[in-house]
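J.: Dropping in work39.json, with JSON, C-alpha atoms.
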```json
[["chain", "number", "residue", "atom", "x", "y", "z"],
["A", 1, "MET", "CA", 78.56, 127.03, 96.02],
["A", 2, "LYS", "CA", 82.37, 127.36, 96.08],
["A", 3, "ARG", "CA", 84.07, 127.36, 92.68],
["A", 4, "ARG", "CA", 86.53, 124.64, 91.80],
["A", 5, "ILE", "CA", 90.18, 125.58, 92.32],
["A", 6, "PRO", "CA", 91.74, 125.72, 88.82],
["A", 7, "GLY", "CA", 95.05, 124.32, 87.61],
["A", 8, "ILE", "CA", 95.95, 122.24, 90.67],
["A", 9, "ASN", "CA", 95.57, 118.50, 91.17],
["A", 10, "PHE", "CA", 94.70, 117.11, 94.58],
["A", 11, "VAL", "CA", 94.56, 113.75, 96.31],
["A", 12, "ILE", "CA", 92.18, 112.51, 98.98],
["A", 13, "GLY", "CA", 92.80, 110.08, 101.81],
["A", 14, "VAL", "CA", 89.80, 108.39, 103.43],
["A", 15, "ASP", "CA", 89.67, 106.53, 106.74],
["A", 16, "GLY", "CA", 86.36, 104.66, 106.84],
["A", 17, "GLY", "CA", 85.31, 103.14, 110.16],
["A", 18, "GLY", "CA", 82.34, 101.66, 111.94],
["A", 19, "THR", "CA", 81.49, 104.88, 113.77],
["A", 20, "LYS", "CA", 82.71, 107.67, 111.49],
["A", 21, "THR", "CA", 84.63, 108.36, 108.28],
["A", 22, "VAL", "CA", 87.28, 111.02, 107.73],
["A", 23, "ALA", "CA", 88.34, 112.46, 104.36],
["A", 24, "VAL", "CA", 91.40, 114.69, 103.95],
["A", 25, "VAL", "CA", 92.33, 116.63, 100.80],
["A", 26, "ALA", "CA", 95.99, 117.44, 100.06],
["A", 27, "ASP", "CA", 97.77, 119.19, 97.23],
["A", 28, "GLU", "CA", 100.58, 117.47, 95.33],
["A", 29, "ARG", "CA", 103.16, 118.72, 97.85],
["A", 30, "GLY", "CA", 101.25, 117.02, 100.65],
["A", 31, "LYS", "CA", 99.83, 120.19, 102.17],
["A", 32, "ILE", "CA", 96.44, 119.52, 103.78],
["A", 33, "VAL", "CA", 93.82, 121.90, 102.40],
["A", 34, "ALA", "CA", 90.55, 120.40, 103.67],
["A", 35, "ARG", "CA", 89.13, 117.85, 106.07],
["A", 36, "LYS", "CA", 85.57, 116.56, 106.32],
["A", 37, "ASP", "CA", 83.97, 114.06, 108.72],
["A", 38, "GLY", "CA", 81.03, 111.81, 107.92],
["A", 39, "GLY", "CA", 79.07, 108.79, 109.05],
["A", 40, "PRO", "CA", 80.22, 105.15, 109.17],
["A", 41, "THR", "CA", 81.29, 103.39, 105.98],
["A", 42, "ASN", "CA", 82.07, 99.94, 107.35],
["A", 43, "TYR", "CA", 79.40, 98.04, 105.44],
["A", 44, "HIS", "CA", 79.49, 95.16, 107.92],
["A", 45, "ALA", "CA", 78.26, 97.53, 110.62],
["A", 46, "ALA", "CA", 76.23, 100.08, 108.67],
["A", 47, "GLY", "CA", 74.99, 98.05, 105.70],
["A", 48, "GLU", "CA", 76.02, 98.59, 102.09],
["A", 49, "LYS", "CA", 73.39, 101.22, 101.27],
["A", 50, "CYS", "CA", 74.10, 103.29, 104.36],
["A", 51, "ALA", "CA", 77.86, 103.06, 103.76],
["A", 52, "ARG", "CA", 77.41, 104.19, 100.16],
["A", 53, "ASP", "CA", 75.12, 107.08, 101.12],
["A", 54, "ASN", "CA", 77.50, 108.25, 103.85],
["A", 55, "LEU", "CA", 80.45, 108.10, 101.48],
["A", 56, "LYS", "CA", 78.59, 110.07, 98.84],
["A", 57, "ARG", "CA", 77.61, 112.80, 101.31],
["A", 58, "LEU", "CA", 81.21, 112.98, 102.49],
["A", 59, "LEU", "CA", 82.96, 113.12, 99.11],
["A", 60, "ALA", "CA", 80.50, 114.94, 96.83],
["A", 61, "PRO", "CA", 81.32, 118.49, 98.02],
["A", 62, "LEU", "CA", 85.05, 117.75, 97.98],
["A", 63, "LEU", "CA", 84.93, 116.41, 94.42],
["A", 64, "ARG", "CA", 83.03, 119.50, 93.32],
["A", 65, "ARG", "CA", 85.55, 121.82, 94.94],
["A", 66, "TYR", "CA", 88.84, 120.10, 94.06],
["A", 67, "ARG", "CA", 90.23, 118.50, 90.92],
["A", 68, "VAL", "CA", 91.11, 115.11, 92.39],
["A", 69, "ARG", "CA", 93.46, 112.76, 90.56],
["A", 70, "ASN", "CA", 93.63, 109.94, 93.08],
["A", 71, "ILE", "CA", 91.93, 108.68, 96.25],
["A", 72, "VAL", "CA", 93.16, 106.05, 98.70],
["A", 73, "PHE", "CA", 90.51, 104.47, 100.90],
["A", 74, "GLY", "CA", 91.22, 102.62, 104.13],
["A", 75, "PHE", "CA", 88.10, 100.73, 105.18],
["A", 76, "ALA", "CA", 87.46, 98.84, 108.40],
["A", 77, "GLY", "CA", 86.22, 95.36, 107.57],
["A", 78, "LEU", "CA", 88.07, 95.00, 104.26],
["A", 79, "ASP", "CA", 89.49, 91.56, 104.94],
["A", 80, "SER", "CA", 88.47, 89.27, 102.09],
["A", 81, "GLN", "CA", 87.92, 89.16, 98.33],
["A", 82, "LYS", "CA", 84.21, 89.52, 98.98],
["A", 83, "ASP", "CA", 84.81, 92.63, 101.09],
["A", 84, "HIS", "CA", 86.99, 94.07, 98.34],
["A", 85, "ALA", "CA", 84.25, 93.49, 95.77],
["A", 86, "VAL", "CA", 81.63, 95.16, 97.98],
["A", 87, "TYR", "CA", 83.79, 98.22, 98.66],
["A", 88, "GLN", "CA", 84.70, 98.41, 94.98],
["A", 89, "ARG", "CA", 80.99, 98.55, 94.19],
["A", 90, "ILE", "CA", 80.35, 101.19, 96.85],
["A", 91, "VAL", "CA", 83.18, 103.44, 95.69],
["A", 92, "LYS", "CA", 82.39, 103.13, 91.99],
["A", 93, "ALA", "CA", 78.81, 104.19, 92.71],
["A", 94, "VAL", "CA", 80.11, 107.38, 94.34],
["A", 95, "LEU", "CA", 83.07, 108.48, 92.19],
["A", 96, "ARG", "CA", 83.31, 109.92, 88.73],
["A", 97, "GLN", "CA", 84.94, 107.70, 86.12],
["A", 98, "ASN", "CA", 88.02, 109.90, 85.77],
["A", 99, "VAL", "CA", 89.11, 109.56, 89.41],
["A", 100, "SER", "CA", 91.49, 106.70, 90.13],
["A", 101, "PHE", "CA", 91.33, 105.01, 93.52],
["A", 102, "SER", "CA", 92.82, 102.20, 95.61],
["A", 103, "LEU", "CA", 91.29, 100.18, 98.45],
["A", 104, "TYR", "CA", 93.05, 99.06, 101.62],
["A", 105, "ASN", "CA", 92.18, 97.82, 105.06],
["A", 106, "ASP", "CA", 92.11, 100.68, 107.58],
["A", 107, "ALA", "CA", 95.02, 99.08, 109.43],
["A", 108, "GLU", "CA", 97.24, 99.40, 106.36],
["A", 109, "ILE", "CA", 96.75, 103.16, 106.14],
["A", 110, "ALA", "CA", 97.32, 103.48, 109.90],
["A", 111, "LEU", "CA", 100.62, 101.60, 109.52],
["A", 112, "GLU", "CA", 101.59, 104.11, 106.84],
["A", 113, "ALA", "CA", 100.85, 106.92, 109.30],
["A", 114, "MET", "CA", 103.42, 105.50, 111.73],
["A", 115, "PRO", "CA", 107.17, 106.29, 111.55],
["A", 116, "ARG", "CA", 108.94, 104.60, 108.62],
["A", 117, "LEU", "CA", 110.64, 101.79, 110.53],
["A", 118, "ASP", "CA", 111.20, 98.18, 109.49],
["A", 119, "PHE", "CA", 109.41, 96.68, 112.49],
["A", 120, "ARG", "CA", 105.96, 97.86, 113.50],
["A", 121, "VAL", "CA", 102.92, 96.60, 115.38],
["A", 122, "LEU", "CA", 99.58, 98.38, 115.24],
["A", 123, "VAL", "CA", 96.95, 97.76, 117.91],
["A", 124, "ILE", "CA", 93.49, 98.91, 116.84],
["A", 125, "ALA", "CA", 90.86, 99.17, 119.57],
["A", 126, "GLY", "CA", 88.06, 101.29, 118.21],
["A", 127, "THR", "CA", 84.49, 100.08, 117.77],
["A", 128, "GLY", "CA", 86.14, 96.77, 116.84],
["A", 129, "SER", "CA", 89.68, 95.52, 117.37],
["A", 130, "ALA", "CA", 92.53, 93.99, 115.41],
["A", 131, "ILE", "CA", 96.29, 93.71, 115.74],
["A", 132, "TRP", "CA", 98.65, 93.96, 112.79],
["A", 133, "GLY", "CA", 102.39, 93.40, 112.57],
["A", 134, "GLN", "CA", 104.68, 94.53, 109.76],
["A", 135, "ARG", "CA", 108.21, 93.46, 109.02],
["A", 136, "GLY", "CA", 109.89, 95.49, 106.31],
["A", 137, "ASP", "CA", 113.13, 93.54, 105.87],
["A", 138, "LYS", "CA", 111.26, 90.60, 104.26],
["A", 139, "LYS", "CA", 113.11, 87.98, 106.34],
["A", 140, "VAL", "CA", 109.84, 86.36, 107.33],
["A", 141, "LYS", "CA", 107.12, 85.26, 104.96],
["A", 142, "ALA", "CA", 103.68, 86.29, 106.17],
["A", 143, "GLY", "CA", 100.24, 85.22, 105.08],
["A", 144, "ARG", "CA", 99.47, 88.57, 103.46],
["A", 145, "ARG", "CA", 101.66, 90.99, 101.56],
["A", 146, "HIS", "CA", 101.34, 94.74, 101.57],
["A", 147, "ALA", "CA", 99.81, 95.43, 98.17],
["A", 148, "GLU", "CA", 102.15, 98.32, 97.45],
["A", 149, "ALA", "CA", 105.49, 97.91, 99.18],
["A", 150, "GLY", "CA", 105.79, 94.14, 99.57],
["A", 151, "TYR", "CA", 106.15, 94.20, 103.34],
["A", 152, "GLY", "CA", 105.43, 91.06, 105.34],
["A", 153, "LEU", "CA", 102.22, 91.46, 107.31],
["A", 154, "ALA", "CA", 100.61, 89.41, 110.05],
["A", 155, "LYS", "CA", 97.23, 89.91, 111.64],
["A", 156, "ALA", "CA", 95.35, 88.71, 114.73],
["A", 157, "GLY", "CA", 91.68, 89.30, 115.48],
["A", 158, "GLY", "CA", 89.57, 91.57, 113.34],
["A", 159, "LEU", "CA", 86.83, 89.01, 112.66],
["A", 160, "ASP", "CA", 84.01, 91.21, 113.97],
["A", 161, "PHE", "CA", 81.98, 91.08, 117.14],
["A", 162, "LEU", "CA", 80.75, 87.48, 117.10],
["A", 163, "LEU", "CA", 84.18, 85.87, 116.76],
["A", 164, "SER", "CA", 86.69, 88.46, 118.00],
["A", 165, "ASP", "CA", 86.81, 92.23, 118.78],
["A", 166, "GLU", "CA", 88.20, 91.56, 122.26],
["A", 167, "GLY", "CA", 89.53, 94.72, 123.89],
["A", 168, "SER", "CA", 87.48, 96.99, 121.63],
["A", 169, "ALA", "CA", 84.91, 99.60, 122.60],
["A", 170, "TYR", "CA", 82.25, 97.03, 121.71],
["A", 171, "TYR", "CA", 83.89, 94.54, 124.10],
["A", 172, "LEU", "CA", 84.13, 97.13, 126.88],
["A", 173, "GLY", "CA", 80.51, 98.16, 126.37],
["A", 174, "LEU", "CA", 79.27, 94.59, 126.41],
["A", 175, "GLU", "CA", 81.27, 93.77, 129.54],
["A", 176, "ALA", "CA", 79.85, 96.87, 131.23],
["A", 177, "LEU", "CA", 76.33, 95.69, 130.43],
["A", 178, "ARG", "CA", 77.03, 92.16, 131.62],
["A", 179, "ALA", "CA", 78.59, 93.44, 134.84],
["A", 180, "ALA", "CA", 75.51, 95.58, 135.46],
["A", 181, "VAL", "CA", 73.23, 92.56, 134.99],
["A", 182, "ARG", "CA", 75.34, 90.40, 137.33],
["A", 183, "SER", "CA", 75.35, 93.19, 139.91],
["A", 184, "PHE", "CA", 71.55, 93.48, 139.68],
["A", 185, "ASP", "CA", 71.04, 89.71, 139.96],
["A", 186, "GLY", "CA", 73.51, 89.22, 142.79],
["A", 187, "ARG", "CA", 75.50, 86.78, 140.64],
["A", 188, "GLY", "CA", 78.47, 89.12, 140.64],
["A", 189, "GLN", "CA", 80.16, 91.84, 142.62],
["A", 190, "LYS", "CA", 78.19, 95.02, 143.20],
["A", 191, "THR", "CA", 79.34, 97.76, 140.82],
["A", 192, "ILE", "CA", 78.44, 101.35, 140.10],
["A", 193, "LEU", "CA", 78.26, 100.29, 136.47],
["A", 194, "GLU", "CA", 74.72, 99.19, 137.25],
["A", 195, "GLY", "CA", 73.56, 102.75, 137.84],
["A", 196, "LEU", "CA", 75.67, 104.17, 135.02],
["A", 197, "VAL", "CA", 74.18, 101.70, 132.55],
["A", 198, "LEU", "CA", 70.62, 102.61, 133.61],
["A", 199, "LYS", "CA", 71.36, 106.30, 133.07],
["A", 200, "ARG", "CA", 73.01, 105.73, 129.69],
["A", 201, "ALA", "CA", 70.18, 103.46, 128.48],
["A", 202, "LYS", "CA", 67.52, 105.79, 129.91],
["A", 203, "ALA", "CA", 65.98, 102.76, 131.60],
["A", 204, "LYS", "CA", 64.16, 102.43, 134.90],
["A", 205, "ASP", "CA", 65.80, 99.12, 135.85],
["A", 206, "ILE", "CA", 67.94, 96.31, 134.42],
["A", 207, "PRO", "CA", 65.03, 94.37, 132.86],
["A", 208, "ASP", "CA", 63.99, 97.58, 131.10],
["A", 209, "THR", "CA", 67.60, 97.97, 129.92],
["A", 210, "ALA", "CA", 67.50, 94.45, 128.48],
["A", 211, "THR", "CA", 64.31, 95.29, 126.58],
["A", 212, "LYS", "CA", 65.93, 98.38, 125.09],
["A", 213, "ILE", "CA", 69.06, 96.45, 124.10],
["A", 214, "TYR", "CA", 67.14, 93.72, 122.27],
["A", 215, "LEU", "CA", 64.85, 96.25, 120.60],
["A", 216, "ALA", "CA", 67.95, 98.01, 119.30],
["A", 217, "LEU", "CA", 69.18, 94.72, 117.86],
["A", 218, "GLN", "CA", 65.80, 94.03, 116.27],
["A", 219, "ASN", "CA", 65.08, 97.50, 114.89],
["A", 220, "ARG", "CA", 68.55, 98.74, 113.89],
["A", 221, "PRO", "CA", 70.83, 95.71, 113.52],
["A", 222, "GLU", "CA", 73.25, 97.74, 111.39],
["A", 223, "ASP", "CA", 73.83, 100.13, 114.33],
["A", 224, "PHE", "CA", 73.88, 97.51, 117.09],
["A", 225, "LYS", "CA", 77.66, 97.17, 117.42],
["A", 226, "THR", "CA", 78.09, 100.94, 117.61],
["A", 227, "TYR", "CA", 75.26, 101.17, 120.15],
["A", 228, "ILE", "CA", 76.88, 98.61, 122.45],
["A", 229, "ALA", "CA", 80.23, 100.38, 122.03],
["A", 230, "SER", "CA", 78.60, 103.59, 123.28],
["A", 231, "PHE", "CA", 78.54, 102.04, 126.78],
["A", 232, "ALA", "CA", 82.35, 101.65, 126.77],
["A", 233, "PRO", "CA", 83.17, 105.04, 128.37],
["A", 234, "LEU", "CA", 81.21, 103.97, 131.45],
["A", 235, "VAL", "CA", 84.02, 101.55, 132.32],
["A", 236, "GLY", "CA", 86.53, 104.39, 132.50],
["A", 237, "THR", "CA", 84.08, 106.50, 134.51],
["A", 238, "ALA", "CA", 83.56, 103.68, 137.01],
["A", 239, "PHE", "CA", 87.30, 102.97, 137.26],
["A", 240, "ALA", "CA", 87.95, 106.65, 138.05],
["A", 241, "LYS", "CA", 85.62, 106.17, 141.02],
["A", 242, "ASN", "CA", 87.67, 103.16, 142.23],
["A", 243, "ASP", "CA", 85.19, 100.54, 141.04],
["A", 244, "LYS", "CA", 86.86, 97.11, 141.25],
["A", 245, "VAL", "CA", 84.69, 95.53, 138.57],
["A", 246, "ALA", "CA", 85.60, 98.25, 136.10],
["A", 247, "LYS", "CA", 89.29, 97.75, 136.87],
["A", 248, "THR", "CA", 88.94, 94.03, 136.16],
["A", 249, "ILE", "CA", 87.24, 94.73, 132.83],
["A", 250, "LEU", "CA", 90.09, 97.05, 131.78],
["A", 251, "GLU", "CA", 92.70, 94.51, 132.88],
["A", 252, "GLU", "CA", 91.02, 91.73, 130.92],
["A", 253, "SER", "CA", 90.70, 93.97, 127.86],
["A", 254, "ALA", "CA", 94.40, 94.83, 127.98],
["A", 255, "ASN", "CA", 95.27, 91.16, 128.25],
["A", 256, "GLU", "CA", 93.11, 90.25, 125.25],
["A", 257, "LEU", "CA", 94.85, 92.87, 123.13],
["A", 258, "PHE", "CA", 98.21, 91.65, 124.39],
["A", 259, "LEU", "CA", 97.44, 88.11, 123.23],
["A", 260, "GLY", "CA", 96.86, 89.48, 119.74],
["A", 261, "ALA", "CA", 100.06, 91.53, 119.84],
["A", 262, "LYS", "CA", 101.98, 88.51, 121.12],
["A", 263, "ALA", "CA", 100.68, 86.40, 118.24],
["A", 264, "VAL", "CA", 101.88, 88.79, 115.52],
["A", 265, "VAL", "CA", 105.21, 89.48, 117.27],
["A", 266, "LYS", "CA", 105.93, 85.74, 117.40],
["A", 267, "ARG", "CA", 104.75, 85.12, 113.84],
["A", 268, "LEU", "CA", 107.03, 87.82, 112.46],
["A", 269, "LYS", "CA", 109.89, 87.09, 114.92],
["A", 270, "LEU", "CA", 109.93, 90.64, 116.27],
["A", 271, "ALA", "CA", 110.61, 89.99, 119.97],
["A", 272, "ASN", "CA", 114.22, 91.17, 119.73],
["A", 273, "ALA", "CA", 113.63, 93.91, 117.17],
["A", 274, "GLU", "CA", 113.61, 97.67, 117.71],
["A", 275, "LEU", "CA", 109.86, 97.68, 117.47],
["A", 276, "CYS", "CA", 107.46, 100.61, 117.15],
["A", 277, "VAL", "CA", 104.03, 99.85, 118.63],
["A", 278, "GLY", "CA", 101.18, 102.14, 117.63],
["A", 279, "TYR", "CA", 97.84, 102.52, 119.39],
["A", 280, "VAL", "CA", 94.72, 103.76, 117.67],
["A", 281, "GLY", "CA", 91.06, 103.74, 118.70],
["A", 282, "SER", "CA", 88.59, 105.07, 121.24],
["A", 283, "ALA", "CA", 89.10, 102.21, 123.71],
["A", 284, "PHE", "CA", 92.53, 103.64, 124.57],
["A", 285, "ARG", "CA", 90.90, 106.67, 126.17],
["A", 286, "ALA", "CA", 91.16, 104.58, 129.33],
["A", 287, "PRO", "CA", 94.83, 105.17, 130.34],
["A", 288, "LEU", "CA", 94.99, 102.06, 132.54],
["A", 289, "MET", "CA", 94.34, 99.76, 129.59],
["A", 290, "LYS", "CA", 97.09, 101.33, 127.50],
["A", 291, "ASN", "CA", 99.57, 101.30, 130.40],
["A", 292, "LEU", "CA", 98.90, 97.65, 131.20],
["A", 293, "LEU", "CA", 99.19, 96.65, 127.55],
["A", 294, "SER", "CA", 102.47, 98.55, 127.11],
["A", 295, "ALA", "CA", 103.97, 96.87, 130.18],
["A", 296, "LYS", "CA", 103.05, 93.41, 128.87],
["A", 297, "ILE", "CA", 104.45, 94.12, 125.40],
["A", 298, "LYS", "CA", 107.65, 95.54, 126.92],
["A", 299, "LYS", "CA", 108.29, 92.23, 128.67],
["A", 300, "LEU", "CA", 107.78, 90.36, 125.41],
["A", 301, "ALA", "CA", 109.77, 92.82, 123.25],
["A", 302, "PRO", "CA", 112.16, 94.83, 125.48],
["A", 303, "LYS", "CA", 113.24, 97.20, 122.68],
["A", 304, "ALA", "CA", 109.66, 98.25, 121.91],
["A", 305, "ARG", "CA", 108.65, 101.91, 121.99],
["A", 306, "PHE", "CA", 105.08, 103.16, 121.95],
["A", 307, "ILE", "CA", 103.21, 105.91, 120.12],
["A", 308, "ASP", "CA", 99.63, 107.05, 119.67],
["A", 309, "VAL", "CA", 98.59, 107.07, 116.01],
["A", 310, "ILE", "CA", 96.63, 110.31, 116.19],
["A", 311, "ASN", "CA", 95.76, 110.74, 112.54],
["A", 312, "PRO", "CA", 95.50, 107.41, 110.64],
["A", 313, "VAL", "CA", 94.05, 109.12, 107.56],
["A", 314, "ALA", "CA", 97.46, 110.74, 107.02],
["A", 315, "GLY", "CA", 98.67, 107.32, 105.92],
["A", 316, "ALA", "CA", 96.06, 107.24, 103.17],
["A", 317, "VAL", "CA", 97.18, 110.68, 101.98],
["A", 318, "LYS", "CA", 100.82, 109.53, 101.85],
["A", 319, "MET", "CA", 99.84, 106.50, 99.80],
["A", 320, "ALA", "CA", 97.72, 108.59, 97.44],
["A", 321, "LEU", "CA", 100.62, 110.97, 96.80],
["A", 322, "ARG", "CA", 102.91, 108.10, 95.84],
["A", 323, "LYS", "CA", 100.57, 106.85, 93.12]]
```
Render the structure in this file as structure tokens.
T.:
Amino acid sequence: MKRRIPGINFVIGVDGGGTKTVAVVADERGKIVARKDGGPTNYHAAGEKCARDNLKRLLAPLLRRYRVRNIVFGFAGLDSQKDHAVYQRIVKAVLRQNVSFSLYNDAEIALEAMPRLDFRVLVIAGTGSAIWGQRGDKKVKAGRRHAEAGYGLAKAGGLDFLLSDEGSAYYLGLEALRAAVRSFDGRGQKTILEGLVLKRAKAKDIPDTATKIYLALQNRPEDFKTYIASFAPLVGTAFAKNDKVAKTILEESANELFLGAKAVVKRLKLANAELCVGYVGSAFRAPLMKNLLSAKIKKLAPKARFIDVINPVAGAVKMALRK
């Protein structure tokens, strides 16, 4: 076992999602000294016990190794007072009493990881999806306020897979499955997604695929969203082989994300602002979707510029250092 580093205080930033969780340790100058990846900690997707166990496995060795004074958590699915209470319970069960911590939505830490500009939009398209806008000059009152800096925030989507999540990896995976079924039935255009889905599901035909899908829902409901999202890369694979159905799915996904971005841009009156738009999430591995979305946003907000938010957990570290 490694000995604890003496005489130095550290902070930890945590980005907790529906597929994985990332923890980064930094010294008080902001220098990154360690990074560790773990399982999902979105309790909506993984369940409270699984989220707690994953968080404990992730943090325990770091807390033994480093003298940590503060941790900032950014959790997917932290959207209500109930969510806050659940995550508070999860974190308190994992941490020692002498470690202070703060809880945020994962979008808030990703916004902090973006350049420090007054006008920002963040498009999240990972396992789930959500769009956030932030206006730092406080000229517009928004429904939520950034808990630390008082910025006006607006949000669209982010209500999980039954009510939203359009444009996410879950959405892409589900549309791939539906396209495969329509292709098999003859109700829709023939697509190579049919064969790709069979291979991914390790099924002999589409009815066998359906059986496996519903068994996954029955036996592991906490993993179901992630399981469906695992079919998302098939859409990019099919598009690369000039599949028209796959192209349509990507176009529709881009449009759904644009509708969310349009909603927050209008709510915060950002159409004429020098706007920074950040993209984060596995769904953007399909370049067509990102390109289409950027073109649509550019028409709405001509001064917009676009970046990939490569390391959202860096925002949590920055917030932890300020406390």
J.: Mind listing whatever residues come within 8 Å of the point (94.5, 115.3, 89.7)? Use only C-alpha atoms, file coordinates, and give them as a PDB file with C-alpha atoms, in the frame of the given file.
T.:
```pdb
ATOM      1  CA  ILE A   8      95.950 122.240  90.670  1.00  0.00           C
ATOM      2  CA  ASN A   9      95.570 118.500  91.170  1.00  0.00           C
ATOM      3  CA  PHE A  10      94.700 117.110  94.580  1.00  0.00           C
ATOM      4  CA  VAL A  11      94.560 113.750  96.310  1.00  0.00           C
ATOM      5  CA  ARG A  67      90.230 118.500  90.920  1.00  0.00           C
ATOM      6  CA  VAL A  68      91.110 115.110  92.390  1.00  0.00           C
ATOM      7  CA  ARG A  69      93.460 112.760  90.560  1.00  0.00           C
ATOM      8  CA  ASN A  70      93.630 109.940  93.080  1.00  0.00           C
ATOM      9  CA  VAL A  99      89.110 109.560  89.410  1.00  0.00           C
TER      10      VAL A  99
END
```
J.: Report, in Å with one decimal, the straight-line distance from atom CA of A:Tyr43 to atom CA of A:Ala263.
T.: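 Computing it gives 27.4 Å between the two atoms.
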J.: Give me the residues near stretch 177-180 of chain A as a ChimeraX atom specification, where near means some atom within 7 Å (using only C-alpha atoms) and where sequence neighbours in that chain fewer than 6 positions away do not count.
T.: /A:191,193-194,197
J.: How close does stretch 77-140 of chain A get to stretch 14-37 of chain A? List, as JSON lines, each residue of stretch 77-140 of chain A within 8 Å, its nearest atom pair and the distance in Å to one decimal, counting all atoms listed in the file.
T.:
```
{"residue": "A:Asp106", "atom": "CA", "partner": "A:Asp15", "partner_atom": "CA", "distance": 6.4}
{"residue": "A:Ile109", "atom": "CA", "partner": "A:Asp15", "partner_atom": "CA", "distance": 7.9}
{"residue": "A:Thr127", "atom": "CA", "partner": "A:Gly18", "partner_atom": "CA", "distance": 6.4}
{"residue": "A:Gly128", "atom": "CA", "partner": "A:Gly18", "partner_atom": "CA", "distance": 7.9}
```
J.: Would you mind telling me which residue in A:Tyr214, A:Tyr279, A:Tyr66, A:Tyr170 lies nearest to A:Arg305 when using only C-alpha atoms?
T.: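 Residue with the minimum atom-to-atom distance to A:Arg305: A:Tyr279.
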J.: Could you add N, CA and C atoms to stretch 240-254 of chain A and give me the result as a PDB file, in the coordinates of the input?
T.:
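Written out: out.pdb:
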```
ATOM      1  N   ALA A 240      87.509 105.392 137.432  1.00  0.00           N
ATOM      2  CA  ALA A 240      87.950 106.650 138.050  1.00  0.00           C
ATOM      3  C   ALA A 240      87.348 106.838 139.436  1.00  0.00           C
ATOM      4  N   LYS A 241      86.258 106.114 139.703  1.00  0.00           N
ATOM      5  CA  LYS A 241      85.620 106.170 141.020  1.00  0.00           C
ATOM      6  C   LYS A 241      85.975 104.938 141.855  1.00  0.00           C
ATOM      7  N   ASN A 242      87.106 104.290 141.476  1.00  0.00           N
ATOM      8  CA  ASN A 242      87.670 103.160 142.230  1.00  0.00           C
ATOM      9  C   ASN A 242      86.779 101.923 142.229  1.00  0.00           C
ATOM     10  N   ASP A 243      86.038 101.726 141.151  1.00  0.00           N
ATOM     11  CA  ASP A 243      85.190 100.540 141.040  1.00  0.00           C
ATOM     12  C   ASP A 243      86.048  99.334 140.655  1.00  0.00           C
ATOM     13  N   LYS A 244      86.011  98.286 141.472  1.00  0.00           N
ATOM     14  CA  LYS A 244      86.860  97.110 141.250  1.00  0.00           C
ATOM     15  C   LYS A 244      86.446  96.322 140.018  1.00  0.00           C
ATOM     16  N   VAL A 245      85.168  96.267 139.747  1.00  0.00           N
ATOM     17  CA  VAL A 245      84.690  95.530 138.570  1.00  0.00           C
ATOM     18  C   VAL A 245      85.181  96.206 137.295  1.00  0.00           C
ATOM     19  N   ALA A 246      85.111  97.512 137.268  1.00  0.00           N
ATOM     20  CA  ALA A 246      85.600  98.250 136.100  1.00  0.00           C
ATOM     21  C   ALA A 246      87.087  98.023 135.894  1.00  0.00           C
ATOM     22  N   LYS A 247      87.848  98.001 136.980  1.00  0.00           N
ATOM     23  CA  LYS A 247      89.290  97.750 136.870  1.00  0.00           C
ATOM     24  C   LYS A 247      89.549  96.377 136.268  1.00  0.00           C
ATOM     25  N   THR A 248      88.782  95.389 136.701  1.00  0.00           N
ATOM     26  CA  THR A 248      88.940  94.030 136.160  1.00  0.00           C
ATOM     27  C   THR A 248      88.639  93.994 134.667  1.00  0.00           C
ATOM     28  N   ILE A 249      87.601  94.693 134.255  1.00  0.00           N
ATOM     29  CA  ILE A 249      87.240  94.730 132.830  1.00  0.00           C
ATOM     30  C   ILE A 249      88.386  95.330 132.010  1.00  0.00           C
ATOM     31  N   LEU A 250      88.979  96.411 132.496  1.00  0.00           N
ATOM     32  CA  LEU A 250      90.090  97.050 131.780  1.00  0.00           C
ATOM     33  C   LEU A 250      91.308  96.136 131.742  1.00  0.00           C
ATOM     34  N   GLU A 251      91.563  95.440 132.838  1.00  0.00           N
ATOM     35  CA  GLU A 251      92.700  94.510 132.880  1.00  0.00           C
ATOM     36  C   GLU A 251      92.500  93.367 131.889  1.00  0.00           C
ATOM     37  N   GLU A 252      91.298  92.826 131.844  1.00  0.00           N
ATOM     38  CA  GLU A 252      91.020  91.730 130.920  1.00  0.00           C
ATOM     39  C   GLU A 252      91.088  92.205 129.466  1.00  0.00           C
ATOM     40  N   SER A 253      90.631  93.417 129.211  1.00  0.00           N
ATOM     41  CA  SER A 253      90.700  93.970 127.860  1.00  0.00           C
ATOM     42  C   SER A 253      92.145  94.140 127.412  1.00  0.00           C
ATOM     43  N   ALA A 254      92.974  94.668 128.301  1.00  0.00           N
ATOM     44  CA  ALA A 254      94.400  94.830 127.980  1.00  0.00           C
ATOM     45  C   ALA A 254      95.043  93.486 127.693  1.00  0.00           C
TER      46      ALA A 254
END
```
